[in-house]
$ cat work.txt   # compact mmCIF, C-alpha atoms and all ligand atoms
# COMPACT_ATOMS: atom_id res chain seq x y z
CA SER A 1 20.15 3.77 13.57
CA GLU A 2 17.11 5.72 12.45
CA PHE A 3 18.04 9.34 11.60
CA VAL A 4 15.88 12.33 12.53
CA MET A 5 14.78 14.98 10.02
CA SER A 6 13.87 18.50 11.19
CA VAL A 7 10.49 19.91 10.17
CA THR A 8 12.33 22.37 7.94
CA GLU A 9 14.16 19.53 6.20
CA LEU A 10 10.86 17.65 5.77
CA ASP A 11 9.11 20.72 4.36
CA LEU A 12 12.01 21.39 1.99
CA LEU A 13 11.89 17.81 0.70
CA ILE A 14 8.10 17.95 0.25
CA GLN A 15 8.52 21.21 -1.68
CA ASN A 16 11.23 19.64 -3.89
CA VAL A 17 9.16 16.56 -4.76
CA VAL A 18 5.90 18.46 -5.38
CA LEU A 19 7.67 21.07 -7.50
CA ALA A 20 9.46 18.36 -9.53
CA GLN A 21 6.09 16.76 -10.28
CA GLY A 22 4.38 20.06 -11.11
CA GLU A 23 7.14 21.10 -13.52
CA THR A 24 7.28 17.78 -15.36
CA CYS A 25 3.74 16.52 -15.75
CA ARG A 26 2.96 16.72 -19.48
CA PHE A 27 -0.75 17.43 -18.91
CA ARG A 28 -1.94 19.81 -16.15
CA GLN A 29 -4.46 18.19 -13.81
CA GLU A 30 -6.99 20.99 -14.39
CA ASN A 31 -6.81 20.64 -18.20
CA LEU A 32 -7.36 16.88 -17.93
CA GLN A 33 -10.37 17.53 -15.68
CA VAL A 34 -11.95 19.99 -18.12
CA LEU A 35 -11.60 17.52 -21.02
CA ARG A 36 -12.67 14.42 -19.13
CA TRP A 37 -16.11 14.20 -20.77
CA GLU A 38 -14.72 14.83 -24.26
CA THR A 39 -14.85 11.24 -25.52
CA TYR A 40 -14.33 9.76 -28.99
CA SER A 41 -17.53 8.94 -30.93
CA PRO A 42 -18.20 5.30 -31.92
CA GLU A 43 -17.31 6.26 -35.52
CA GLU A 44 -13.96 7.69 -34.39
CA VAL A 45 -13.27 4.55 -32.34
CA LEU A 46 -14.08 2.42 -35.38
CA SER A 47 -11.72 4.39 -37.61
CA PHE A 48 -8.91 3.89 -35.06
CA GLN A 49 -9.62 0.16 -34.99
CA GLN A 50 -9.38 -0.02 -38.78
CA LYS A 51 -5.92 1.49 -38.92
CA PRO A 52 -3.04 -0.95 -39.53
CA ILE A 53 -1.47 -2.31 -36.31
CA ASP A 54 2.00 -0.86 -36.90
CA HIS A 55 0.53 2.61 -37.46
CA ILE A 56 -1.15 2.71 -34.04
CA TRP A 57 1.78 1.01 -32.32
CA GLU A 58 4.18 3.60 -33.61
CA ARG A 59 1.98 6.48 -32.44
CA CYS A 60 1.55 4.93 -29.00
CA VAL A 61 5.25 4.24 -28.60
CA CYS A 62 5.98 7.86 -29.55
CA HIS A 63 3.51 9.10 -26.90
CA VAL A 64 4.98 6.72 -24.33
CA THR A 65 8.53 7.78 -25.23
CA GLU A 66 7.63 11.46 -24.91
CA ALA A 67 6.00 10.77 -21.54
CA ILE A 68 9.14 8.92 -20.41
CA GLN A 69 11.21 11.98 -21.26
CA TYR A 70 9.08 14.00 -18.83
CA ILE A 71 9.70 11.32 -16.21
CA VAL A 72 13.46 11.57 -16.80
CA GLU A 73 13.13 15.32 -16.15
CA PHE A 74 11.13 14.54 -12.97
CA ALA A 75 13.91 12.26 -11.71
CA LYS A 76 16.62 14.86 -12.46
CA ARG A 77 14.80 17.39 -10.27
CA LEU A 78 14.54 15.08 -7.26
CA SER A 79 17.13 16.20 -4.69
CA GLY A 80 19.98 13.75 -4.59
CA PHE A 81 19.26 12.03 -7.93
CA MET A 82 21.86 13.99 -9.94
CA GLU A 83 24.46 13.30 -7.21
CA LEU A 84 24.14 9.57 -7.84
CA ASN A 85 26.65 8.02 -10.24
CA PRO A 86 25.42 7.98 -13.87
CA ASN A 87 25.18 4.19 -13.99
CA ASP A 88 22.79 4.17 -11.02
CA GLN A 89 20.74 7.01 -12.55
CA ILE A 90 20.15 4.88 -15.67
CA VAL A 91 19.52 1.73 -13.60
CA LEU A 92 16.82 3.52 -11.56
CA LEU A 93 15.17 5.07 -14.64
CA LYS A 94 15.31 1.82 -16.64
CA ALA A 95 13.59 -0.01 -13.79
CA GLY A 96 11.15 2.67 -12.62
CA ALA A 97 10.18 4.97 -15.51
CA MET A 98 7.43 2.73 -16.90
CA GLU A 99 5.97 2.23 -13.41
CA VAL A 100 5.86 6.01 -12.87
CA LEU A 101 4.18 6.33 -16.27
CA LEU A 102 1.44 3.99 -15.07
CA ILE A 103 0.91 6.14 -11.94
CA ARG A 104 0.76 9.25 -14.15
CA MET A 105 -1.64 7.56 -16.58
CA SER A 106 -4.17 7.26 -13.74
CA ARG A 107 -4.31 11.09 -13.55
CA ALA A 108 -5.67 11.08 -17.11
CA PHE A 109 -8.13 8.28 -16.52
CA ASN A 110 -11.87 8.78 -16.12
CA CYS A 111 -12.94 5.89 -13.90
CA TYR A 112 -16.68 6.68 -14.36
CA ASN A 113 -16.65 5.68 -18.04
CA SER A 114 -13.28 3.81 -18.16
CA THR A 115 -11.70 6.15 -20.69
CA VAL A 116 -8.16 7.49 -20.83
CA PHE A 117 -6.84 10.71 -22.35
CA PHE A 118 -5.30 9.80 -25.73
CA GLU A 119 -4.44 12.24 -28.51
CA GLY A 120 -6.72 15.01 -27.29
CA LYS A 121 -9.87 13.14 -26.21
CA TYR A 122 -10.80 10.40 -23.75
CA ALA A 123 -10.65 6.95 -25.36
CA PRO A 124 -12.22 3.63 -24.35
CA LEU A 125 -10.18 0.41 -24.12
CA GLU A 126 -11.56 -0.75 -27.49
CA ILE A 127 -9.69 1.98 -29.35
CA PHE A 128 -6.45 0.06 -28.72
CA GLN A 129 -7.93 -3.20 -30.00
CA SER A 130 -5.89 -3.28 -33.22
CA LEU A 131 -2.67 -3.25 -31.16
CA GLY A 132 -3.12 -6.90 -30.34
CA CYS A 133 -2.11 -6.44 -26.70
CA SER A 134 -5.45 -6.07 -24.94
CA ASP A 135 -4.04 -7.95 -21.91
CA LEU A 136 -1.40 -5.23 -21.41
CA ILE A 137 -3.83 -2.35 -22.01
CA GLY A 138 -6.50 -4.09 -19.95
CA SER A 139 -4.15 -4.47 -16.99
CA MET A 140 -3.17 -0.80 -17.34
CA PHE A 141 -6.85 0.18 -17.20
CA ASP A 142 -7.40 -2.04 -14.14
CA LEU A 143 -4.45 -0.41 -12.41
CA CYS A 144 -5.83 3.04 -13.25
CA HIS A 145 -9.16 2.01 -11.75
CA SER A 146 -7.55 0.90 -8.48
CA LEU A 147 -5.47 4.08 -8.32
CA CYS A 148 -8.54 6.24 -9.01
CA ALA A 149 -10.32 4.55 -6.09
CA LEU A 150 -7.63 5.97 -3.78
CA ASN A 151 -8.39 9.49 -5.04
CA LEU A 152 -4.69 10.37 -4.74
CA SER A 153 -3.67 14.03 -4.56
CA GLU A 154 -0.92 15.46 -6.77
CA HIS A 155 1.30 15.56 -3.64
CA GLU A 156 0.68 11.87 -2.91
CA MET A 157 1.27 10.86 -6.54
CA ALA A 158 4.49 12.88 -6.58
CA PHE A 159 5.80 11.02 -3.52
CA ILE A 160 4.69 7.61 -4.80
CA SER A 161 6.48 8.33 -8.10
CA SER A 162 9.66 9.59 -6.38
CA MET A 163 9.83 6.48 -4.17
CA ILE A 164 9.27 4.20 -7.17
CA LEU A 165 12.24 5.83 -8.89
CA LEU A 166 14.57 6.04 -5.88
CA ASP A 167 14.14 2.39 -4.97
CA PRO A 168 17.29 0.89 -3.35
CA SER A 169 16.12 -2.67 -4.09
CA ARG A 170 16.64 -2.28 -7.86
CA PRO A 171 19.18 -4.81 -9.18
CA TRP A 172 22.63 -3.72 -10.48
CA LEU A 173 22.85 -0.61 -8.25
CA GLN A 174 26.50 0.21 -7.49
CA ASP A 175 25.95 2.66 -4.62
CA LYS A 176 22.89 1.08 -2.94
CA GLN A 177 23.47 2.91 0.38
CA LYS A 178 23.17 6.33 -1.24
CA VAL A 179 19.80 5.40 -2.78
CA GLU A 180 18.74 3.91 0.56
CA ILE A 181 19.32 7.22 2.36
CA LEU A 182 17.33 9.14 -0.28
CA HIS A 183 14.51 6.60 -0.11
CA LYS A 184 14.39 6.77 3.72
CA LYS A 185 14.18 10.59 3.61
CA LEU A 186 11.32 10.39 1.07
CA ASP A 187 9.58 7.79 3.23
CA HIS A 188 9.86 10.06 6.31
CA ALA A 189 8.55 13.08 4.41
CA PHE A 190 5.71 11.07 2.79
CA ARG A 191 4.57 9.72 6.17
CA TYR A 192 4.80 13.24 7.64
CA LEU A 193 2.68 14.55 4.76
CA LEU A 194 0.11 11.76 5.19
CA ARG A 195 -0.02 12.26 8.98
CA THR A 196 -0.66 16.00 8.66
CA SER A 197 -3.37 15.38 6.03
CA LEU A 198 -4.94 12.43 7.91
CA ARG A 199 -4.35 10.17 4.89
CA GLU A 200 -2.19 7.45 6.48
CA SER A 201 -4.83 4.85 5.57
CA ILE A 202 -3.78 4.87 1.90
CA LEU A 203 -0.41 3.30 2.75
CA THR A 204 -1.97 -0.15 2.99
CA LYS A 205 -3.99 0.32 -0.22
CA LEU A 206 -1.21 1.37 -2.61
CA PRO A 207 -0.63 -1.10 -5.48
CA GLN A 208 1.95 -3.74 -4.57
CA LYS A 209 5.36 -3.36 -6.21
CA GLY A 210 4.93 -6.74 -7.91
CA ARG A 211 1.79 -5.56 -9.70
CA LEU A 212 3.50 -2.60 -11.36
CA LEU A 213 6.47 -4.79 -12.19
CA SER A 214 4.32 -7.46 -13.85
CA ILE A 215 2.59 -4.89 -16.10
CA CYS A 216 5.99 -3.55 -17.12
CA GLN A 217 7.23 -7.07 -17.85
CA LEU A 218 4.12 -7.55 -20.03
CA HIS A 219 5.23 -4.31 -21.70
CA MET A 220 8.62 -5.82 -22.57
CA GLU A 221 7.11 -9.06 -23.92
CA LYS A 222 4.68 -7.14 -26.15
CA LEU A 223 7.44 -4.93 -27.34
CA ASN A 224 9.60 -7.91 -28.28
CA ILE A 225 6.70 -9.57 -30.13
CA PHE A 226 6.06 -6.31 -31.97
CA ARG A 227 9.74 -5.97 -32.90
CA GLN A 228 9.71 -9.48 -34.33
CA MET A 229 6.52 -8.80 -36.30
CA TYR A 230 7.69 -5.46 -37.66
CA PRO A 231 11.50 -5.52 -37.62
CA GLY A 232 11.60 -2.50 -39.92
CA ILE A 233 9.92 -0.18 -37.43
CA ALA A 234 11.42 -1.36 -34.17
CA CYS A 235 14.98 -0.39 -35.07
CA GLU A 236 14.92 2.89 -36.98
CA ARG A 237 11.69 4.60 -36.07
CA PHE A 238 11.81 4.05 -32.31
CA PRO A 239 12.99 7.29 -30.67
CA PRO A 240 16.54 6.80 -29.31
CA LEU A 241 15.57 7.26 -25.66
CA TYR A 242 13.16 4.33 -25.97
CA LYS A 243 15.96 2.13 -27.28
CA GLU A 244 18.23 3.21 -24.46
CA LEU A 245 15.65 2.49 -21.79
CA PHE A 246 13.77 -0.51 -23.11
CA ILE A 247 15.70 -2.41 -25.76
C1 LIG A 301 -2.48 9.77 -20.27
N1 LIG A 301 -1.73 9.23 -21.30
C2 LIG A 301 -0.67 8.47 -21.02
O1 LIG A 301 -0.31 8.20 -19.90
C3 LIG A 301 0.14 7.93 -22.17
C4 LIG A 301 1.58 8.37 -22.00
C5 LIG A 301 1.53 9.76 -22.44
C6 LIG A 301 0.54 9.78 -23.55
N2 LIG A 301 -0.24 8.56 -23.36
C7 LIG A 301 -1.20 8.11 -24.18
O2 LIG A 301 -1.50 8.76 -25.15
C8 LIG A 301 -1.81 6.80 -23.90
C9 LIG A 301 -2.85 6.70 -22.97
C10 LIG A 301 -3.40 5.45 -22.71
C11 LIG A 301 -2.96 4.33 -23.40
CL1 LIG A 301 -3.65 2.78 -23.06
C12 LIG A 301 -1.95 4.42 -24.34
C13 LIG A 301 -1.53 3.22 -25.08
O3 LIG A 301 -0.49 2.70 -24.33
C14 LIG A 301 0.29 1.78 -24.96
C15 LIG A 301 0.01 1.27 -26.20
C16 LIG A 301 0.89 0.34 -26.74
C17 LIG A 301 2.02 -0.08 -26.08
C18 LIG A 301 2.30 0.47 -24.82
C19 LIG A 301 3.42 0.13 -24.09
C20 LIG A 301 4.43 -0.84 -24.67
F1 LIG A 301 3.90 -2.06 -24.76
F2 LIG A 301 4.85 -0.41 -25.85
F3 LIG A 301 5.47 -0.85 -23.91
C21 LIG A 301 3.66 0.67 -22.86
C22 LIG A 301 2.73 1.57 -22.37
C23 LIG A 301 2.92 2.18 -21.00
N3 LIG A 301 1.64 1.95 -23.02
C24 LIG A 301 1.42 1.39 -24.24
C25 LIG A 301 -1.35 5.66 -24.58
CL2 LIG A 301 -0.02 5.74 -25.66

$ encode --input "work.txt" --output "structure tokens"
Amino acid sequence: SEFVMSVTELDLLIQNVVLAQGETCRFRQENLQVLRWETYSPEEVLSFQQKPIDHIWERCVCHVTEAIQYIVEFAKRLSGFMELNPNDQIVLLKAGAMEVLLIRMSRAFNCYNSTVFFEGKYAPLEIFQSLGCSDLIGSMFDLCHSLCALNLSEHEMAFISSMILLDPSRPWLQDKQKVEILHKKLDHAFRYLLRTSLRESILTKLPQKGRLLSICQLHMEKLNIFRQMYPGIACERFPPLYKELFI
């Protein structure tokens, strides 16, 4: 029994999702644009590559953890999310936060020279070489390239992110129906938005769910390898939120 949403309800939901994204994206789109040709020099790249692996890992994990906190704030602002039971809120964030981070990373990616915004300038893939997980970083860059090709607007990215988070197919959900209703409303509003902006064609080109999932699984493997290699760091120095969500 498909439900009907009034235009007012659709507009209100679009406003809620777009506002949630605008208030919780760590870097403003315009600032990222201005800086996009500020790249690291070969000497700077070399000095990054010569730093010890645990040093770079720890900095990256701190950046990732901070970015995840912004994504938690994004989720909390999505209408209906805070009305879900706390267990389901954690289940949805645990499963979807990293995928949303990958979507957000593409906003800070310059697909003309394959660089990504990192610590103030745009960095090439090589800068992460000493991390010893070039397959993970490489697949993140590939994903950014395919997302850049879609030339997604902030509105579209906001909806894609909200539907990744409010995904009723996540395992261990207690109140699946409630998430289903939220997801269906987002789907209606997203399609309405795409119809009015003549952008329905992107629906068939969005990255498959499995692709995001596989990168995130690579994330977990790398993280476990790193924790084994540097047991000292993994426990204490990881910010608590990271432990809660990923360990
Ligand atoms: C635009 N910038 C960004 O999106 C990210 C998040 C916010 C800040 N930030 C960066 O500075 C950044 C940008 C690009 C890259 Cl490739 C990186 C390095 O990313 C990672 C290096 C190591 C491990 C990473 C892991 C692992 F495995 F720990 F789970 C997981 C993710 C997702 N990213 C890792 C980083 Cl940390």

$ residues_near_ligand --input "work.txt" --ligand "ligand LIG 301 (chain A)" --cutoff "8 Å" --atoms "all atoms listed in the file" --output "MDAnalysis selection string"
chainID A and resid 26:27 56:57 59:68 98 101:102 104:109 116:119 123 125 128 131 133 136:137 140:141 216 218:223

$ closest_residue --input "work.txt" --among "A:Val45, A:Tyr112, A:Arg170, A:Leu13" --to "His155 (chain A)" --atoms "all atoms listed in the file"
A:Leu13

$ closest_atom_pairs --input "work.txt" --of "region 116-175 of chain A" --to "region 203-209 of chain A" --cutoff "10 Å" --atoms "all atoms listed in the file" --output "CSV"
residue,atom,partner,partner_atom,distance
A:Leu143,CA,A:Pro207,CA,7.9
A:Ser146,CA,A:Pro207,CA,7.8
A:Leu147,CA,A:Leu206,CA,7.6
A:Ala149,CA,A:Lys205,CA,9.6
A:Leu150,CA,A:Lys205,CA,7.6
A:Leu152,CA,A:Leu206,CA,9.9
A:Ile160,CA,A:Leu206,CA,8.9
A:Ile164,CA,A:Lys209,CA,8.6

$ atom_distance --input "work.txt" --atom1 "CA of Asp187 (chain A)" --atom2 "CA of Val4 (chain A)"
12.1 Å

$ axis_aligned_box --input "work.txt" --around "region 192-199 of chain A" --padding-each-side "5 Å" --output "lines of an AutoDock Vina configuration file"
center_x = -0.1
center_y = 13.1
center_z = 6.9
size_x = 19.7
size_y = 15.8
size_z = 14.2

$ atom_distance --input "work.txt" --atom1 "CA of Val179 (chain A)" --atom2 "CA of Leu166 (chain A)"
6.1 Å

$ residues_around --input "work.txt" --residues "Gln50 (chain A)" --least-positions-apart "3" --cutoff "12 Å" --atoms "all atoms listed in the file" --output "PDB file with C-alpha atoms, in the frame of the given file"
ATOM      1  CA  GLU A  43     -17.310   6.260 -35.520  1.00  0.00           C
ATOM      2  CA  GLU A  44     -13.960   7.690 -34.390  1.00  0.00           C
ATOM      3  CA  VAL A  45     -13.270   4.550 -32.340  1.00  0.00           C
ATOM      4  CA  LEU A  46     -14.080   2.420 -35.380  1.00  0.00           C
ATOM      5  CA  SER A  47     -11.720   4.390 -37.610  1.00  0.00           C
ATOM      6  CA  ILE A  53      -1.470  -2.310 -36.310  1.00  0.00           C
ATOM      7  CA  ASP A  54       2.000  -0.860 -36.900  1.00  0.00           C
ATOM      8  CA  HIS A  55       0.530   2.610 -37.460  1.00  0.00           C
ATOM      9  CA  ILE A  56      -1.150   2.710 -34.040  1.00  0.00           C
ATOM     10  CA  GLU A 126     -11.560  -0.750 -27.490  1.00  0.00           C
ATOM     11  CA  ILE A 127      -9.690   1.980 -29.350  1.00  0.00           C
ATOM     12  CA  PHE A 128      -6.450   0.060 -28.720  1.00  0.00           C
ATOM     13  CA  GLN A 129      -7.930  -3.200 -30.000  1.00  0.00           C
ATOM     14  CA  SER A 130      -5.890  -3.280 -33.220  1.00  0.00           C
ATOM     15  CA  LEU A 131      -2.670  -3.250 -31.160  1.00  0.00           C
TER      16      LEU A 131
END

$ closest_residue --input "work.txt" --among "A:Gln69, A:Arg36, A:Glu23, A:Glu156" --to "Ser197 (chain A)" --atoms "all atoms listed in the file"
A:Glu156

$ atom_distance --input "work.txt" --atom1 "CA of Asp175 (chain A)" --atom2 "CA of Cys25 (chain A)"
28.4 Å

$ closest_residue --input "work.txt" --among "A:Val34, A:Ala158, A:Gly120, A:Ala75" --to "Leu93 (chain A)" --atoms "all atoms listed in the file"
A:Ala75

$ closest_residue --input "work.txt" --among "A:Leu193, A:Leu212, A:Val91, A:Leu165" --to "Asp11 (chain A)" --atoms "all atoms listed in the file"
A:Leu193

$ residues_near_point --input "work.txt" --point "(7.9, 9.0, 1.1)" --cutoff "10 Å" --atoms "all atoms listed in the file" --output "VMD selection string"
chain A and resid 13 to 14 17 156 158 to 164 182 to 194

$ closest_residue --input "work.txt" --among "A:Ser214, A:Thr196, A:Ser139, A:Asn110" --to "Leu35 (chain A)" --atoms "all atoms listed in the file"
A:Asn110

$ closest_residue --input "work.txt" --among "A:Ser114, A:Gln89, A:Gln33, A:Thr24" --to "Ile71 (chain A)" --atoms "all atoms listed in the file"
A:Thr24
